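*Asks:* Sharing target01.pdb here; it has PDB, C-alpha atoms.
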MODEL        1
ATOM      1  CA  MET A   1      37.708 -24.440  -1.665  1.00  0.00           C
ATOM      2  CA  GLU A   2      33.887 -24.110  -1.620  1.00  0.00           C
ATOM      3  CA  ASN A   3      32.101 -20.920  -2.597  1.00  0.00           C
ATOM      4  CA  PHE A   4      29.761 -19.124  -0.210  1.00  0.00           C
ATOM      5  CA  TYR A   5      26.525 -20.351  -1.788  1.00  0.00           C
ATOM      6  CA  THR A   6      27.626 -23.984  -1.931  1.00  0.00           C
ATOM      7  CA  GLU A   7      28.972 -23.887   1.624  1.00  0.00           C
ATOM      8  CA  TYR A   8      25.940 -22.168   3.142  1.00  0.00           C
ATOM      9  CA  GLU A   9      23.186 -23.181   0.709  1.00  0.00           C
ATOM     10  CA  ASP A  10      20.943 -24.500   3.473  1.00  0.00           C
ATOM     11  CA  MET A  11      21.356 -21.224   5.399  1.00  0.00           C
ATOM     12  CA  PHE A  12      21.217 -18.862   2.408  1.00  0.00           C
ATOM     13  CA  GLU A  13      17.629 -17.745   3.044  1.00  0.00           C
ATOM     14  CA  GLU A  14      18.539 -17.021   6.657  1.00  0.00           C
ATOM     15  CA  TYR A  15      21.487 -14.933   5.453  1.00  0.00           C
ATOM     16  CA  ILE A  16      19.145 -12.900   3.223  1.00  0.00           C
ATOM     17  CA  GLU A  17      16.682 -12.495   6.107  1.00  0.00           C
ATOM     18  CA  ASP A  18      19.531 -11.178   8.279  1.00  0.00           C
ATOM     19  CA  ILE A  19      20.229  -8.528   5.649  1.00  0.00           C
ATOM     20  CA  LYS A  20      16.540  -7.523   5.581  1.00  0.00           C
ATOM     21  CA  ARG A  21      16.423  -7.473   9.387  1.00  0.00           C
ATOM     22  CA  SER A  22      19.417  -5.159   9.415  1.00  0.00           C
ATOM     23  CA  LEU A  23      17.697  -2.840   6.922  1.00  0.00           C
ATOM     24  CA  ARG A  24      14.584  -2.733   9.145  1.00  0.00           C
ATOM     25  CA  ASN A  25      16.772  -1.525  11.997  1.00  0.00           C
ATOM     26  CA  THR A  26      19.201   0.828  10.270  1.00  0.00           C
ATOM     27  CA  ASN A  27      18.000   2.151   6.911  1.00  0.00           C
ATOM     28  CA  LYS A  28      15.741   5.202   7.338  1.00  0.00           C
ATOM     29  CA  GLU A  29      14.223   5.020   3.858  1.00  0.00           C
ATOM     30  CA  TYR A  30      13.477   1.315   4.279  1.00  0.00           C
ATOM     31  CA  ILE A  31      11.901   1.940   7.692  1.00  0.00           C
ATOM     32  CA  GLU A  32       9.738   4.749   6.284  1.00  0.00           C
ATOM     33  CA  LEU A  33       8.537   2.553   3.420  1.00  0.00           C
ATOM     34  CA  GLN A  34       7.709  -0.285   5.815  1.00  0.00           C
ATOM     35  CA  ASN A  35       5.772   2.184   7.985  1.00  0.00           C
ATOM     36  CA  LYS A  36       3.797   3.376   4.944  1.00  0.00           C
ATOM     37  CA  VAL A  37       2.836  -0.220   4.161  1.00  0.00           C
ATOM     38  CA  HIS A  38       1.611  -0.732   7.721  1.00  0.00           C
ATOM     39  CA  GLU A  39      -0.305   2.557   7.691  1.00  0.00           C
ATOM     40  CA  ILE A  40      -2.122   1.637   4.490  1.00  0.00           C
ATOM     41  CA  LEU A  41      -2.947  -1.882   5.637  1.00  0.00           C
ATOM     42  CA  ASP A  42      -3.948  -0.799   9.162  1.00  0.00           C
ATOM     43  CA  LYS A  43      -6.618   1.514   7.765  1.00  0.00           C
ATOM     44  CA  ASN A  44      -7.815  -0.892   5.079  1.00  0.00           C
ATOM     45  CA  GLU A  45      -8.792  -4.357   6.254  1.00  0.00           C
ATOM     46  CA  ASN A  46     -10.167  -5.286   2.825  1.00  0.00           C
ATOM     47  CA  LEU A  47      -6.730  -4.902   1.233  1.00  0.00           C
ATOM     48  CA  THR A  48      -5.183  -6.977   3.999  1.00  0.00           C
ATOM     49  CA  TRP A  49      -7.625  -9.800   3.308  1.00  0.00           C
ATOM     50  CA  ILE A  50      -6.986  -9.656  -0.430  1.00  0.00           C
ATOM     51  CA  LEU A  51      -3.204  -9.660   0.011  1.00  0.00           C
ATOM     52  CA  GLU A  52      -3.553 -12.699   2.248  1.00  0.00           C
ATOM     53  CA  GLY A  53      -5.417 -14.494  -0.537  1.00  0.00           C
ATOM     54  CA  GLU A  54      -8.959 -14.174   0.824  1.00  0.00           C
ATOM     55  CA  ILE A  55     -10.508 -12.878  -2.396  1.00  0.00           C
ATOM     56  CA  LYS A  56     -13.842 -14.670  -2.531  1.00  0.00           C
ATOM     57  CA  ASP A  57     -16.765 -12.203  -2.548  1.00  0.00           C
ATOM     58  CA  ARG A  58     -14.447  -9.202  -2.147  1.00  0.00           C
ATOM     59  CA  THR A  59     -14.371  -6.142  -4.353  1.00  0.00           C
ATOM     60  CA  LEU A  60     -12.218  -3.049  -4.227  1.00  0.00           C
ATOM     61  CA  SER A  61     -13.447   0.521  -4.315  1.00  0.00           C
ATOM     62  CA  ASN A  62     -11.642   3.125  -6.410  1.00  0.00           C
ATOM     63  CA  GLU A  63      -9.891   4.381  -3.279  1.00  0.00           C
ATOM     64  CA  GLU A  64      -8.779   0.858  -2.403  1.00  0.00           C
ATOM     65  CA  CYS A  65      -7.443   0.389  -5.939  1.00  0.00           C
ATOM     66  CA  LEU A  66      -5.370   3.547  -5.512  1.00  0.00           C
ATOM     67  CA  GLU A  67      -4.115   2.267  -2.161  1.00  0.00           C
ATOM     68  CA  LEU A  68      -3.223  -1.082  -3.740  1.00  0.00           C
ATOM     69  CA  SER A  69      -1.339   0.736  -6.482  1.00  0.00           C
ATOM     70  CA  GLU A  70       0.575   2.657  -3.811  1.00  0.00           C
ATOM     71  CA  LEU A  71       1.412  -0.614  -2.043  1.00  0.00           C
ATOM     72  CA  VAL A  72       2.827  -2.028  -5.288  1.00  0.00           C
ATOM     73  CA  LYS A  73       5.020   1.051  -5.772  1.00  0.00           C
ATOM     74  CA  ILE A  74       6.253   0.814  -2.197  1.00  0.00           C
ATOM     75  CA  TYR A  75       6.927  -2.908  -2.635  1.00  0.00           C
ATOM     76  CA  TYR A  76       9.135  -2.194  -5.666  1.00  0.00           C
ATOM     77  CA  ASP A  77      11.014   0.493  -3.726  1.00  0.00           C
ATOM     78  CA  ILE A  78      11.545  -1.894  -0.805  1.00  0.00           C
ATOM     79  CA  GLN A  79      12.674  -4.645  -3.164  1.00  0.00           C
ATOM     80  CA  SER A  80      15.156  -2.279  -4.842  1.00  0.00           C
ATOM     81  CA  ILE A  81      16.707  -1.361  -1.489  1.00  0.00           C
ATOM     82  CA  GLU A  82      16.946  -5.043  -0.520  1.00  0.00           C
ATOM     83  CA  GLU A  83      18.541  -6.020  -3.834  1.00  0.00           C
ATOM     84  CA  LYS A  84      21.155  -3.261  -3.592  1.00  0.00           C
ATOM     85  CA  GLU A  85      22.008  -4.269  -0.037  1.00  0.00           C
ATOM     86  CA  ILE A  86      22.288  -7.947  -1.034  1.00  0.00           C
ATOM     87  CA  PHE A  87      24.547  -6.981  -3.953  1.00  0.00           C
ATOM     88  CA  PHE A  88      26.835  -4.937  -1.734  1.00  0.00           C
ATOM     89  CA  SER A  89      26.875  -7.675   0.896  1.00  0.00           C
ATOM     90  CA  GLY A  90      28.029 -10.105  -1.786  1.00  0.00           C
ATOM     91  CA  SER A  91      30.691  -7.647  -2.882  1.00  0.00           C
ATOM     92  CA  ARG A  92      31.840  -7.306   0.716  1.00  0.00           C
ATOM     93  CA  GLU A  93      32.016 -11.117   1.027  1.00  0.00           C
ATOM     94  CA  ALA A  94      34.091 -11.305  -2.172  1.00  0.00           C
ATOM     95  CA  TYR A  95      36.455  -8.596  -0.942  1.00  0.00           C
ATOM     96  CA  LEU A  96      36.987 -10.354   2.394  1.00  0.00           C
ATOM     97  CA  PHE A  97      37.488 -13.686   0.627  1.00  0.00           C
ATOM     98  CA  PHE A  98      40.040 -12.253  -1.814  1.00  0.00           C
ATOM     99  CA  LYS A  99      41.860 -10.593   1.053  1.00  0.00           C
ATOM    100  CA  LYS A 100      41.894 -13.849   3.026  1.00  0.00           C
ATOM    101  CA  ILE A 101      43.416 -15.859   0.180  1.00  0.00           C
ATOM    102  CA  GLY A 102      46.023 -13.164  -0.528  1.00  0.00           C
ATOM    103  CA  ILE A 103      44.758 -11.742  -3.799  1.00  0.00           C
ATOM    104  CA  LEU A 104      44.292  -8.343  -2.127  1.00  0.00           C
ATOM    105  CA  LYS A 105      46.539  -6.772   0.441  1.00  0.00           C
TER     106      LYS A 105
ENDMDL
END
Transcribe the structure of this file into C-alpha cells.

*Replies:*
Amino acid sequence: MENFYTEYEDMFEEYIEDIKRSLRNTNKEYIELQNKVHEILDKNENLTWILEGEIKDRTLSNEECLELSELVKIYYDIQSIEEKEIFFSGSREAYLFFKKIGILK
C-alpha cells in the first residue's frame, strides 16, 4: 500500500495550493492578512518592484522600510496559518486512512 506522498507526489503542490485556496475563501484571519498585504503593496509601487526582484537603482525610504518590515511580519503570520492547516489536513488524511484500513472504528 502506497503512502499519500508517494502516490500523489506529482500532484502534491496542487494539493497544498488547494489548502491555501480554501484558506483564502474561509479563514477570516488569513483573508485579513492577505488584504493588508494588498493594501500595503497597492499604495507603494516601489516595494512591489523590489519584491518582484527589480532592485537596480532603487532605494527605500524610512517609511518604506517600515512597510517592508510589516510585510515580513504578515508573511510569517500567513505562513503560520498555512502550516497549521497543512498539518491538520495531514492529520485528517491519516485518520481517514486508519479508519479505512480498520485500525480505527

*Asks:* Check which residues satisfy the PyMOL selection byres ((chain A and resi 29-44) around 7) in the file shown, then give them as a list of chain:residue names.

*Replies:*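 Evaluating the PyMOL selection byres ((chain A and resi 29-44) around 7) on these coordinates yields A:Leu23, A:Arg24, A:Asn27, A:Lys28, A:Glu45, A:Asn46, A:Leu47, A:Thr48, A:Glu67, A:Leu71, A:Ile74, A:Ile78.
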
*Asks:* Selected residues, C-alpha atoms, written as an mmCIF file, in the coordinates of the input, please.

*Replies:*
data_model
loop_
_atom_site.group_PDB
_atom_site.id
_atom_site.type_symbol
_atom_site.label_atom_id
_atom_site.label_comp_id
_atom_site.auth_asym_id
_atom_site.auth_seq_id
_atom_site.Cartn_x
_atom_site.Cartn_y
_atom_site.Cartn_z
ATOM 1 C CA LEU A 23 17.697 -2.840 6.922
ATOM 2 C CA ARG A 24 14.584 -2.733 9.145
ATOM 3 C CA ASN A 27 18.000 2.151 6.911
ATOM 4 C CA LYS A 28 15.741 5.202 7.338
ATOM 5 C CA GLU A 45 -8.792 -4.357 6.254
ATOM 6 C CA ASN A 46 -10.167 -5.286 2.825
ATOM 7 C CA LEU A 47 -6.730 -4.902 1.233
ATOM 8 C CA THR A 48 -5.183 -6.977 3.999
ATOM 9 C CA GLU A 67 -4.115 2.267 -2.161
ATOM 10 C CA LEU A 71 1.412 -0.614 -2.043
ATOM 11 C CA ILE A 74 6.253 0.814 -2.197
ATOM 12 C CA ILE A 78 11.545 -1.894 -0.805
#

*Asks:* Please list as an MDAnalysis selection string every residue within 8 Å of Ile19 (chain A), counting all atoms listed in the file and excluding residues in the same chain fewer than 4 positions away.

*Replies:* chainID A and resid 15 23 82 85:86

*Asks:* If you take every atom of region 15-22 of chain A that the file lists and fit an axis-aligned box around them with 6 Å extra on each side, what centre and edge lengths come out in Å to one decimal, as AutoDock Vina command-line options?

*Replies:*
--center_x 19.0 --center_y -10.0 --center_z 6.3 --size_x 17.1 --size_y 21.8 --size_z 18.2
